[in-house]
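So this block is my_file_1.txt, compact mmCIF, C-alpha atoms and all ligand atoms:
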# COMPACT_ATOMS: atom_id res chain seq x y z
CA MET A 30 118.83 97.21 85.73
CA LYS A 31 116.95 100.47 86.32
CA ARG A 32 115.16 100.78 89.69
CA VAL A 33 112.43 103.35 90.23
CA GLY A 34 110.41 103.96 93.41
CA ILE A 35 106.93 105.50 93.31
CA LEU A 36 105.01 107.15 96.11
CA THR A 37 101.81 109.21 96.41
CA SER A 38 101.72 111.74 99.22
CA GLY A 39 99.28 114.21 100.79
CA GLY A 40 95.51 114.32 100.22
CA ASP A 41 94.44 111.95 97.48
CA CYS A 42 92.64 113.00 94.32
CA GLN A 43 91.28 111.54 91.13
CA GLY A 44 93.91 110.58 88.56
CA LEU A 45 96.64 109.28 90.90
CA ASN A 46 96.29 105.72 89.64
CA ALA A 47 96.09 106.95 86.06
CA ALA A 48 99.44 108.75 86.54
CA ILE A 49 101.00 105.70 88.25
CA ARG A 50 99.80 103.62 85.29
CA GLY A 51 101.16 106.14 82.75
CA LEU A 52 104.56 106.12 84.45
CA GLY A 53 104.68 102.33 84.89
CA LYS A 54 103.60 101.50 81.36
CA ALA A 55 106.01 104.03 79.83
CA LEU A 56 108.88 102.66 81.94
CA TYR A 57 108.13 99.07 80.86
CA GLN A 58 107.97 100.27 77.24
CA ALA A 59 111.31 102.05 77.58
CA PHE A 60 113.27 99.49 79.62
CA GLY A 61 111.46 96.17 79.06
CA LYS A 62 112.84 93.53 81.42
CA ASP A 63 115.51 95.93 82.66
CA ILE A 64 113.18 97.84 84.97
CA GLU A 65 112.18 97.20 88.56
CA ILE A 66 109.52 99.41 90.11
CA TYR A 67 109.06 99.68 93.87
CA GLY A 68 105.70 100.82 95.24
CA ILE A 69 106.28 102.76 98.45
CA GLU A 70 103.27 102.60 100.77
CA ASP A 71 101.39 105.54 102.30
CA GLY A 72 103.57 108.32 100.93
CA TYR A 73 106.71 109.52 102.69
CA ARG A 74 105.72 107.44 105.71
CA GLY A 75 106.52 104.28 103.74
CA LEU A 76 109.88 105.72 102.71
CA ILE A 77 110.67 106.69 106.30
CA GLU A 78 109.60 103.36 107.77
CA GLY A 79 110.76 101.15 104.93
CA ASN A 80 107.36 99.88 103.78
CA TYR A 81 107.55 99.07 100.08
CA HIS A 82 107.18 96.20 97.67
CA LYS A 83 108.48 95.30 94.24
CA MET A 84 105.56 95.88 91.89
CA LYS A 85 104.41 93.48 89.22
CA GLU A 86 103.75 94.75 85.72
CA SER A 87 100.14 93.61 86.10
CA GLU A 88 99.61 96.12 88.94
CA PHE A 89 99.72 98.90 86.35
CA SER A 90 96.78 97.48 84.39
CA GLY A 91 93.08 98.12 84.92
CA ILE A 92 93.61 101.20 87.12
CA LEU A 93 93.16 104.08 84.66
CA ASN A 94 89.69 104.98 85.88
CA LEU A 95 90.15 103.88 89.49
CA GLY A 96 89.85 106.65 92.11
CA GLY A 97 92.18 107.02 95.11
CA THR A 98 95.69 105.56 95.03
CA ILE A 99 96.68 101.91 94.96
CA LEU A 100 99.80 102.83 96.97
CA GLY A 101 97.97 104.55 99.82
CA THR A 102 98.89 108.01 101.04
CA SER A 103 99.44 110.04 104.20
CA ARG A 104 100.18 113.58 105.27
CA GLN A 105 103.73 114.06 106.57
CA PRO A 106 104.12 117.79 107.30
CA PHE A 107 107.23 119.32 105.75
CA LYS A 108 107.93 121.39 108.88
CA LEU A 109 108.40 118.14 110.85
CA MET A 110 110.70 116.48 108.34
CA ARG A 111 113.84 117.82 110.00
CA VAL A 112 112.52 117.11 113.50
CA VAL A 113 114.13 114.00 114.94
CA ASP A 114 111.66 112.23 117.23
CA GLU A 115 111.34 109.01 119.18
CA ASN A 116 108.92 107.33 116.79
CA SER A 117 110.43 108.02 113.39
CA GLY A 118 114.02 108.98 114.29
CA ASP A 119 115.82 111.05 111.68
CA LYS A 120 113.21 111.02 108.92
CA VAL A 121 115.40 112.48 106.19
CA GLN A 122 118.22 110.06 106.96
CA ASN A 123 115.75 107.13 107.04
CA MET A 124 114.38 108.13 103.63
CA LYS A 125 117.88 108.31 102.18
CA ASP A 126 118.77 104.94 103.72
CA ASN A 127 115.65 103.23 102.33
CA TYR A 128 116.24 104.79 98.90
CA ARG A 129 119.70 103.20 98.94
CA LYS A 130 118.41 99.90 100.37
CA MET A 131 116.04 99.61 97.40
CA GLY A 132 118.96 100.48 95.12
CA LEU A 133 116.89 103.17 93.41
CA ASP A 134 118.04 105.17 90.43
CA CYS A 135 115.13 107.53 90.86
CA LEU A 136 112.13 108.28 93.05
CA ALA A 137 108.89 109.36 91.33
CA ILE A 138 106.71 111.41 93.67
CA LEU A 139 103.08 112.34 93.05
CA GLY A 140 101.88 115.11 95.31
CA GLY A 141 100.75 118.64 96.07
CA ASN A 142 102.38 121.66 97.66
CA GLY A 143 103.69 120.16 100.92
CA THR A 144 104.86 117.08 99.05
CA HIS A 145 106.88 119.26 96.67
CA LYS A 146 108.74 120.94 99.52
CA THR A 147 109.90 117.54 100.78
CA ALA A 148 110.64 116.36 97.22
CA ASN A 149 112.89 119.39 96.77
CA LEU A 150 114.57 118.66 100.10
CA LEU A 151 115.29 115.07 99.03
CA SER A 152 116.64 116.31 95.72
CA GLN A 153 118.92 118.75 97.54
CA GLU A 154 120.04 115.84 99.73
CA GLY A 155 121.28 114.12 96.58
CA LEU A 156 118.42 111.75 95.70
CA HIS A 157 117.25 111.55 92.09
CA VAL A 158 113.68 112.79 92.11
CA VAL A 159 110.98 113.50 89.51
CA THR A 160 107.50 114.65 90.49
CA MET A 161 103.97 114.95 89.14
CA PRO A 162 101.57 117.70 90.28
CA LYS A 163 98.37 116.37 91.83
CA THR A 164 95.65 118.18 93.78
CA ILE A 165 92.04 119.17 93.43
CA ASP A 166 93.12 122.66 94.59
CA ASN A 167 95.12 123.45 91.40
CA ASP A 168 97.44 125.57 93.52
CA ILE A 169 100.85 124.22 92.51
CA TRP A 170 103.11 126.91 91.15
CA GLY A 171 104.71 126.26 87.76
CA THR A 172 101.90 124.31 86.10
CA ASP A 173 98.71 125.64 84.51
CA ILE A 174 96.78 122.66 85.81
CA THR A 175 97.12 119.76 88.21
CA PHE A 176 95.43 116.40 87.80
CA GLY A 177 92.41 115.90 90.05
CA PHE A 178 91.29 119.50 89.60
CA GLN A 179 88.98 118.98 86.64
CA SER A 180 87.35 115.90 88.21
CA ALA A 181 86.67 117.85 91.40
CA VAL A 182 85.20 120.71 89.34
CA ASP A 183 82.81 118.15 87.81
CA VAL A 184 81.75 116.88 91.24
CA ALA A 185 81.28 120.36 92.73
CA ALA A 186 79.41 121.63 89.65
CA ASN A 187 77.07 118.63 89.88
CA VAL A 188 76.39 119.49 93.52
CA LEU A 189 75.50 123.06 92.49
CA ASP A 190 73.21 121.69 89.74
CA SER A 191 71.39 119.46 92.22
CA ILE A 192 71.06 122.25 94.76
CA HIS A 193 69.40 124.43 92.11
CA THR A 194 66.39 122.14 91.80
CA THR A 195 65.65 121.92 95.51
CA ALA A 196 66.42 125.64 96.03
CA THR A 197 63.93 126.51 93.28
CA SER A 198 61.20 124.27 94.69
CA HIS A 199 61.46 125.79 98.15
CA GLY A 200 62.42 129.34 97.19
CA ARG A 201 65.53 129.17 99.35
CA VAL A 202 69.01 130.57 99.45
CA PHE A 203 71.71 127.88 99.45
CA ILE A 204 75.36 128.17 100.35
CA VAL A 205 77.60 125.45 98.92
CA GLU A 206 81.06 125.22 100.50
CA ILE A 207 83.72 124.05 98.10
CA MET A 208 87.21 122.74 98.92
CA GLY A 209 90.41 124.30 97.63
CA HIS A 210 92.40 124.99 100.79
CA LYS A 211 93.73 128.58 100.64
CA VAL A 212 92.93 129.26 96.97
CA GLY A 213 89.77 129.73 94.93
CA TRP A 214 90.41 127.83 91.67
CA LEU A 215 87.94 125.04 92.39
CA THR A 216 85.20 127.36 93.62
CA LEU A 217 85.69 129.73 90.68
CA HIS A 218 85.41 127.02 88.02
CA ALA A 219 82.69 125.02 89.75
CA GLY A 220 80.80 128.22 90.57
CA ILE A 221 80.71 129.27 86.93
CA ALA A 222 79.97 125.74 85.65
CA GLY A 223 77.23 125.34 88.28
CA SER A 224 75.81 128.87 87.68
CA ALA A 225 76.27 130.24 91.18
CA ASP A 226 74.92 133.76 91.71
CA ALA A 227 77.76 134.71 94.04
CA ILE A 228 81.24 133.19 94.14
CA LEU A 229 83.38 133.86 97.20
CA LEU A 230 87.11 133.25 96.92
CA PRO A 231 90.01 133.65 99.38
CA GLU A 232 91.62 136.00 96.85
CA ILE A 233 88.64 138.42 96.86
CA PRO A 234 87.51 139.29 100.41
CA TYR A 235 83.73 139.61 100.76
CA SER A 236 81.31 141.79 102.72
CA ILE A 237 77.96 140.61 104.04
CA ASP A 238 76.32 143.81 102.69
CA SER A 239 77.42 142.99 99.18
CA ILE A 240 76.13 139.39 99.26
CA SER A 241 72.86 140.50 100.92
CA LYS A 242 72.37 142.93 98.03
CA VAL A 243 72.63 140.05 95.55
CA ILE A 244 69.98 138.06 97.42
CA GLU A 245 67.62 141.06 97.74
CA GLN A 246 68.00 142.08 94.09
CA ARG A 247 67.28 138.55 92.87
CA SER A 248 64.29 138.30 95.16
CA LYS A 249 62.91 141.65 93.93
CA ALA A 250 63.38 140.48 90.34
CA GLY A 251 61.08 137.53 91.09
CA LYS A 252 63.82 134.91 91.27
CA ARG A 253 62.86 132.29 93.82
CA PHE A 254 66.34 131.16 94.75
CA SER A 255 69.95 132.28 95.10
CA ILE A 256 73.01 130.06 95.14
CA ILE A 257 76.27 131.11 96.76
CA ALA A 258 79.45 129.11 96.11
CA VAL A 259 81.94 129.78 98.89
CA ALA A 260 85.52 128.53 99.01
CA GLU A 261 86.44 126.86 102.29
CA GLY A 262 89.26 129.41 102.59
CA ALA A 263 87.13 132.50 101.82
CA LEU A 264 87.78 135.56 103.97
CA SER A 265 85.64 138.53 104.93
CA LYS A 266 87.13 141.98 104.36
CA LYS A 267 87.82 142.24 108.09
CA GLU A 268 89.55 138.85 108.22
CA ALA A 269 91.70 139.68 105.20
CA LYS A 270 93.36 142.43 107.28
CA MET A 271 94.22 140.06 110.15
CA SER A 272 97.53 138.35 110.75
CA LYS A 273 97.60 134.54 110.55
CA LYS A 274 97.60 134.34 114.34
CA GLU A 275 94.71 136.80 114.76
CA LEU A 276 92.66 134.94 112.16
CA LYS A 277 93.22 131.61 113.88
CA ALA A 278 92.13 133.05 117.24
CA ALA A 279 89.07 134.78 115.73
CA ARG A 280 87.95 131.58 114.00
CA ALA A 281 88.52 129.49 117.14
CA ALA A 282 86.24 131.81 119.11
CA GLU A 283 83.34 131.29 116.66
CA PRO A 284 80.69 128.60 117.16
CA TYR A 285 80.60 127.64 113.45
CA PRO A 286 82.18 124.48 111.99
CA SER A 287 83.16 126.31 108.81
CA VAL A 288 82.83 129.51 106.81
CA ALA A 289 79.55 128.47 105.10
CA TYR A 290 77.70 128.13 108.42
CA ARG A 291 78.87 131.51 109.62
CA LEU A 292 77.81 133.10 106.33
CA ALA A 293 74.40 131.43 106.58
CA LYS A 294 73.77 132.92 110.04
CA GLN A 295 75.00 136.37 109.02
CA LEU A 296 72.95 136.40 105.81
CA GLU A 297 69.83 135.09 107.54
CA ASP A 298 70.13 137.93 110.06
CA ALA A 299 70.77 140.49 107.32
CA THR A 300 68.09 139.42 104.82
CA GLY A 301 65.48 137.38 106.72
CA HIS A 302 65.67 134.70 104.01
CA GLU A 303 65.68 131.01 104.83
CA ILE A 304 69.20 129.74 104.16
CA ARG A 305 70.56 126.21 103.92
CA VAL A 306 74.14 124.97 103.74
CA ALA A 307 75.56 122.07 101.71
CA VAL A 308 79.15 120.89 102.23
CA PRO A 309 80.18 118.17 99.75
CA GLY A 310 83.61 117.88 101.45
CA HIS A 311 85.79 114.92 100.53
CA ILE A 312 83.27 113.67 97.97
CA GLN A 313 84.99 116.23 95.74
CA ARG A 314 88.18 114.14 95.84
CA GLY A 315 86.45 110.82 95.47
CA GLY A 316 85.47 108.53 92.63
CA SER A 317 86.74 108.08 89.12
CA PRO A 318 88.88 110.67 87.33
CA CYS A 319 87.03 112.44 84.51
CA PRO A 320 88.32 111.75 80.96
CA PHE A 321 90.28 115.05 80.95
CA ASP A 322 92.19 113.96 84.06
CA ARG A 323 92.77 110.45 82.67
CA VAL A 324 94.49 112.03 79.67
CA LEU A 325 96.39 114.61 81.75
CA SER A 326 97.60 112.01 84.28
CA THR A 327 98.72 109.70 81.47
CA ARG A 328 100.63 112.58 79.87
CA PHE A 329 102.31 113.48 83.17
CA GLY A 330 103.16 109.82 83.88
CA ALA A 331 104.68 109.27 80.44
CA ALA A 332 106.57 112.58 80.66
CA ALA A 333 108.03 111.60 84.05
CA ALA A 334 109.21 108.32 82.50
CA ARG A 335 110.88 110.32 79.70
CA LEU A 336 112.77 112.38 82.30
CA ILE A 337 113.92 109.16 83.99
CA ARG A 338 115.03 107.75 80.64
CA GLU A 339 117.02 110.95 80.00
CA LYS A 340 118.39 110.91 83.58
CA LYS A 341 116.97 114.42 84.01
CA TYR A 342 116.34 114.61 87.75
CA GLY A 343 115.15 117.33 90.11
CA TYR A 344 112.14 118.32 88.01
CA MET A 345 108.36 118.41 88.18
CA VAL A 346 106.48 117.68 84.97
CA ALA A 347 104.15 120.60 84.31
CA MET A 348 101.56 121.73 81.80
CA ARG A 349 102.16 125.11 80.23
CA ASN A 350 100.02 126.31 77.33
CA ASN A 351 98.99 122.69 76.70
CA VAL A 352 102.57 121.52 76.38
CA ILE A 353 104.24 119.29 78.99
CA VAL A 354 107.49 120.82 80.24
CA PRO A 355 109.92 120.09 83.09
CA VAL A 356 110.13 122.74 85.84
CA PRO A 357 112.98 122.65 88.40
CA LEU A 358 111.77 121.54 91.85
CA SER A 359 113.68 124.42 93.42
CA GLU A 360 111.38 126.84 91.54
CA VAL A 361 108.19 125.02 92.55
CA ALA A 362 108.81 124.34 96.24
CA GLY A 363 107.28 126.75 98.72
CA LYS A 364 105.21 128.77 96.25
CA LEU A 365 101.43 128.92 96.02
CA LYS A 366 99.52 129.52 92.77
CA THR A 367 96.60 131.73 93.74
CA VAL A 368 93.85 132.99 91.42
CA PRO A 369 95.12 136.21 89.78
CA LEU A 370 92.62 139.05 90.21
CA ASP A 371 92.91 140.02 86.55
CA LEU A 372 92.06 136.50 85.33
CA ASP A 373 89.74 136.69 82.34
CA ILE A 374 87.38 134.10 83.87
CA ILE A 375 86.72 136.47 86.77
CA GLN A 376 85.89 139.22 84.30
CA THR A 377 83.65 136.80 82.37
CA ALA A 378 81.73 136.02 85.54
CA ARG A 379 81.38 139.70 86.42
CA ASP A 380 80.22 140.42 82.85
CA ILE A 381 77.28 138.04 83.27
CA GLY A 382 76.33 139.50 86.65
CA VAL A 383 77.98 137.03 89.04
CA SER A 384 78.95 138.74 92.30
CA PHE A 385 82.24 138.12 94.09
CA GLY A 386 80.85 139.73 97.23
CA ASP A 387 83.23 142.67 96.99
CA GLU A 388 81.12 145.49 95.52
O1 LIG B 1 94.50 119.65 99.29
C1 LIG B 1 93.36 118.94 98.98
C2 LIG B 1 92.31 119.14 100.04
O2 LIG B 1 91.19 118.36 99.70
C3 LIG B 1 91.92 120.58 100.29
O3 LIG B 1 91.02 121.06 99.33
C4 LIG B 1 91.36 120.47 101.68
O4 LIG B 1 91.47 121.71 102.36
C5 LIG B 1 92.24 119.44 102.33
O5 LIG B 1 92.79 118.68 101.28
C6 LIG B 1 91.54 118.52 103.29
O6 LIG B 1 92.49 117.75 103.92
P1 LIG B 1 92.22 116.38 104.68
O7 LIG B 1 91.92 115.34 103.66
O8 LIG B 1 93.48 116.12 105.40
O9 LIG B 1 91.03 116.61 105.55
Output the structure of this file as structure tokens.
Amino acid sequence: MKRVGILTSGGDCQGLNAAIRGLGKALYQAFGKDIEIYGIEDGYRGLIEGNYHKMKESEFSGILNLGGTILGTSRQPFKLMRVVDENSGDKVQNMKDNYRKMGLDCLAILGGNGTHKTANLLSQEGLHVVTMPKTIDNDIWGTDITFGFQSAVDVAANVLDSIHTTATSHGRVFIVEIMGHKVGWLTLHAGIAGSADAILLPEIPYSIDSISKVIEQRSKAGKRFSIIAVAEGALSKKEAKMSKKELKAARAAEPYPSVAYRLAKQLEDATGHEIRVAVPGHIQRGGSPCPFDRVLSTRFGAAAARLIREKKYGYMVAMRNNVIVPVPLSEVAGKLKTVPLDLDIIQTARDIGVSFGDE
């Protein structure tokens, strides 16, 4: 009998259920009646606290296009994993004990950056682990793309499309704040797909003068509106020079709930234009995965099952040049995939006159 545990950890995204389904179906195909799959609830928390159930084959059906995760998820910060506390005791030891209690041959983990640090830790502690890269941020090192990203691009681009019509009617400037944590992948792709006039990324610090110029030039050219796509992690040129601690203190002293609101105030003062803010927030992670993500998640799920069949543990399944390959967890953990400044898509955007707020 082969026993596999599955858990989804960290922020959810579209395509988690599709990947669970891909893995489950491929395992049933490979092992038939000789497979038992345990669904571990709410991410690492379920593994720490021993909340899991033996899944039925039917649970893997009818979930391809279902958003969220049927297993539930939670955020369990990596930096606290080694901290023994009153509530959860020795978390790492508990996870190892529950893995053994279930009699697992392998643990399949679906998660983002923080999740991969803990996955690597568990692998180093001797558990058999395979992982799948999920996040709307697309910031996992070692894979060209994560599932959830493309669906979130669709949502954010649709928001930018909708904002265009109202911005045109009123002759307004709109700032749309897009998720992505500390990287700009989502804002870059959504910004281009949603024809933003300025795209502000954490990787390219902006100046208010430069963005004001864009608004003024468009206005002079008779264009009634301007749309700015700003990543939630975008930094001004001044902020980019600050240490982490200084940045935290500077942000805490500001009266704005997020970067978009501060930009709106600064640009209103600088240009005199009426400016509105739209923050789609968690809507970007919600709803059905787009067809691209359904295919990608299925490929990742089936590839993870292949690794389990081959007893190849300690790997993340990754996409490189449209081919699925295993990447050692030790190479993935602790690294962030930021947008490279020489990326051709950035040049493409500049070529068609999109500003990155840096000139
Ligand atoms: O990592 C995915 C993500 O949606 C980021 O884009 C965002 O910064 C963060 O999660 C939000 O986290 P939470 O759901 O905990 O508010």
Exercise: residues within 12 Å of coordinate (90.0, 132.2, 110.3), counting all atoms listed in the file, as a ChimeraX atom specification: /A:211,231,261-283,285-288,291
Sel. within 12 Å of pt (99.7, 100.5, 90.2), counting all atoms listed in the file, output as JSON, numbers by chain: {"A": [34, 35, 36, 37, 44, 45, 46, 47, 48, 49, 50, 51, 52, 53, 54, 66, 67, 68, 69, 70, 82, 83, 84, 85, 86, 87, 88, 89, 90, 91, 92, 93, 94, 95, 96, 97, 98, 99, 100, 101, 330]}
Taking all atoms listed in the file into account, produce a table as JSON lines in which each residue of chain A with an atom at most 6 Å from an atom of ligand LIG 1 (chain B) appears once, together with its shortest atom pair and the distance in Å to one decimal, ordered by chain and rising number.
{"residue": "A:Gly40", "atom": "CA", "partner": "B:LIG1", "partner_atom": "O7", "distance": 5.1}
{"residue": "A:Thr164", "atom": "CA", "partner": "B:LIG1", "partner_atom": "C1", "distance": 5.7}
{"residue": "A:Ile165", "atom": "CA", "partner": "B:LIG1", "partner_atom": "C1", "distance": 5.7}
{"residue": "A:Asp166", "atom": "CA", "partner": "B:LIG1", "partner_atom": "O3", "distance": 5.4}
{"residue": "A:Met208", "atom": "CA", "partner": "B:LIG1", "partner_atom": "O3", "distance": 4.2}
{"residue": "A:Gly209", "atom": "CA", "partner": "B:LIG1", "partner_atom": "O3", "distance": 3.7}
{"residue": "A:His210", "atom": "CA", "partner": "B:LIG1", "partner_atom": "O4", "distance": 3.8}
File dump, residues just selected, C-alpha atoms, as a PDB file, keeping the file's coordinate frame:
ATOM      1  CA  GLY A  40      95.510 114.320 100.220  1.00  0.00           C
ATOM      2  CA  THR A 164      95.650 118.180  93.780  1.00  0.00           C
ATOM      3  CA  ILE A 165      92.040 119.170  93.430  1.00  0.00           C
ATOM      4  CA  ASP A 166      93.120 122.660  94.590  1.00  0.00           C
ATOM      5  CA  MET A 208      87.210 122.740  98.920  1.00  0.00           C
ATOM      6  CA  GLY A 209      90.410 124.300  97.630  1.00  0.00           C
ATOM      7  CA  HIS A 210      92.400 124.990 100.790  1.00  0.00           C
TER       8      HIS A 210
END
Contacts between stretch 295-301 of chain A and stretch 222-260 of chain A, please, where a residue of stretch 222-260 of chain A counts if it comes within 9 Å (with all atoms listed in the file); show its shortest atom pair and distance in Å to one decimal, rows by chain and ascending number, as a Markdown table.
| residue | atom | partner | partner_atom | distance |
| --- | --- | --- | --- | --- |
| A:Ile237 | CA | A:Leu296 | CA | 6.8 |
| A:Asp238 | CA | A:Ala299 | CA | 8.0 |
| A:Ile240 | CA | A:Leu296 | CA | 7.9 |
| A:Ser241 | CA | A:Thr300 | CA | 6.3 |
| A:Lys242 | CA | A:Thr300 | CA | 8.8 |
| A:Ile244 | CA | A:Thr300 | CA | 7.8 |
| A:Glu245 | CA | A:Thr300 | CA | 7.3 |
Could you name the residues that touch A:Ala185 at 8 Å or less, counting all atoms listed in the file, but leaving out those on the same chain fewer than 2 positions away, as a short mmCIF file (atom, residue, chain, number, x, y, z; two decimals) with C-alpha atoms, in the frame of the given file?
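Output file selection_39.cif follows:
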data_model
loop_
_atom_site.label_atom_id
_atom_site.label_comp_id
_atom_site.auth_asym_id
_atom_site.auth_seq_id
_atom_site.Cartn_x
_atom_site.Cartn_y
_atom_site.Cartn_z
CA ALA A 181 86.67 117.85 91.40
CA VAL A 182 85.20 120.71 89.34
CA ASP A 183 82.81 118.15 87.81
CA ASN A 187 77.07 118.63 89.88
CA VAL A 188 76.39 119.49 93.52
CA LEU A 189 75.50 123.06 92.49
CA ILE A 207 83.72 124.05 98.10
CA ALA A 219 82.69 125.02 89.75
CA GLY A 223 77.23 125.34 88.28
CA PRO A 309 80.18 118.17 99.75
CA GLN A 313 84.99 116.23 95.74
#
Closest of A:Lys108, A:Glu232, A:Ala331, A:Tyr81 to A:Leu56 - atom-to-atom distances counting all atoms listed in the file: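 Closest candidate: A:Ala331.
Atom CA of A:Thr160 lies 17.4 Å from atom CA of A:Pro106.
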Distance of atom CA of A:Ala260 from atom CA of A:His218, expressed in Å to one decimal place: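 Those two atoms sit 11.1 Å apart.
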Separation of atom CA of A:Val324 from atom CA of A:Gly343, in Å and rounded to one decimal: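 So the answer is 23.7 Å.
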Residue neighbourhood A:Thr195, 12 Å, all atoms listed in the file, exclusion window fewer than 3 positions, as a ChimeraX atom specification: /A:188-192,198-203,253-256,305,307
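Each of A:Ala250, A:Ile375, A:Ile353, A:Ile257 was compared to A:Thr327 using all atoms listed in the file, and A:Ile353 turns out to be the nearest.
Closest approach to A:Ala227 among A:Lys120, A:Arg379, A:Lys31, A:Lys146: A:Arg379, based on all atoms listed in the file.
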Counting all atoms listed in the file, the option among A:Leu372, A:Cys135, A:Leu365, A:Met348 closest to A:Met161: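 Using all atoms listed in the file, the shortest distance to A:Met161 belongs to A:Met348.
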Distance query A:Arg32 at most 7 Å, all atoms listed in the file, self and fewer than 3 positions along chain excluded, as a list in words: Ile64, Glu65, Ile66, Gly132, Leu133, Asp134 and Cys135 of chain A
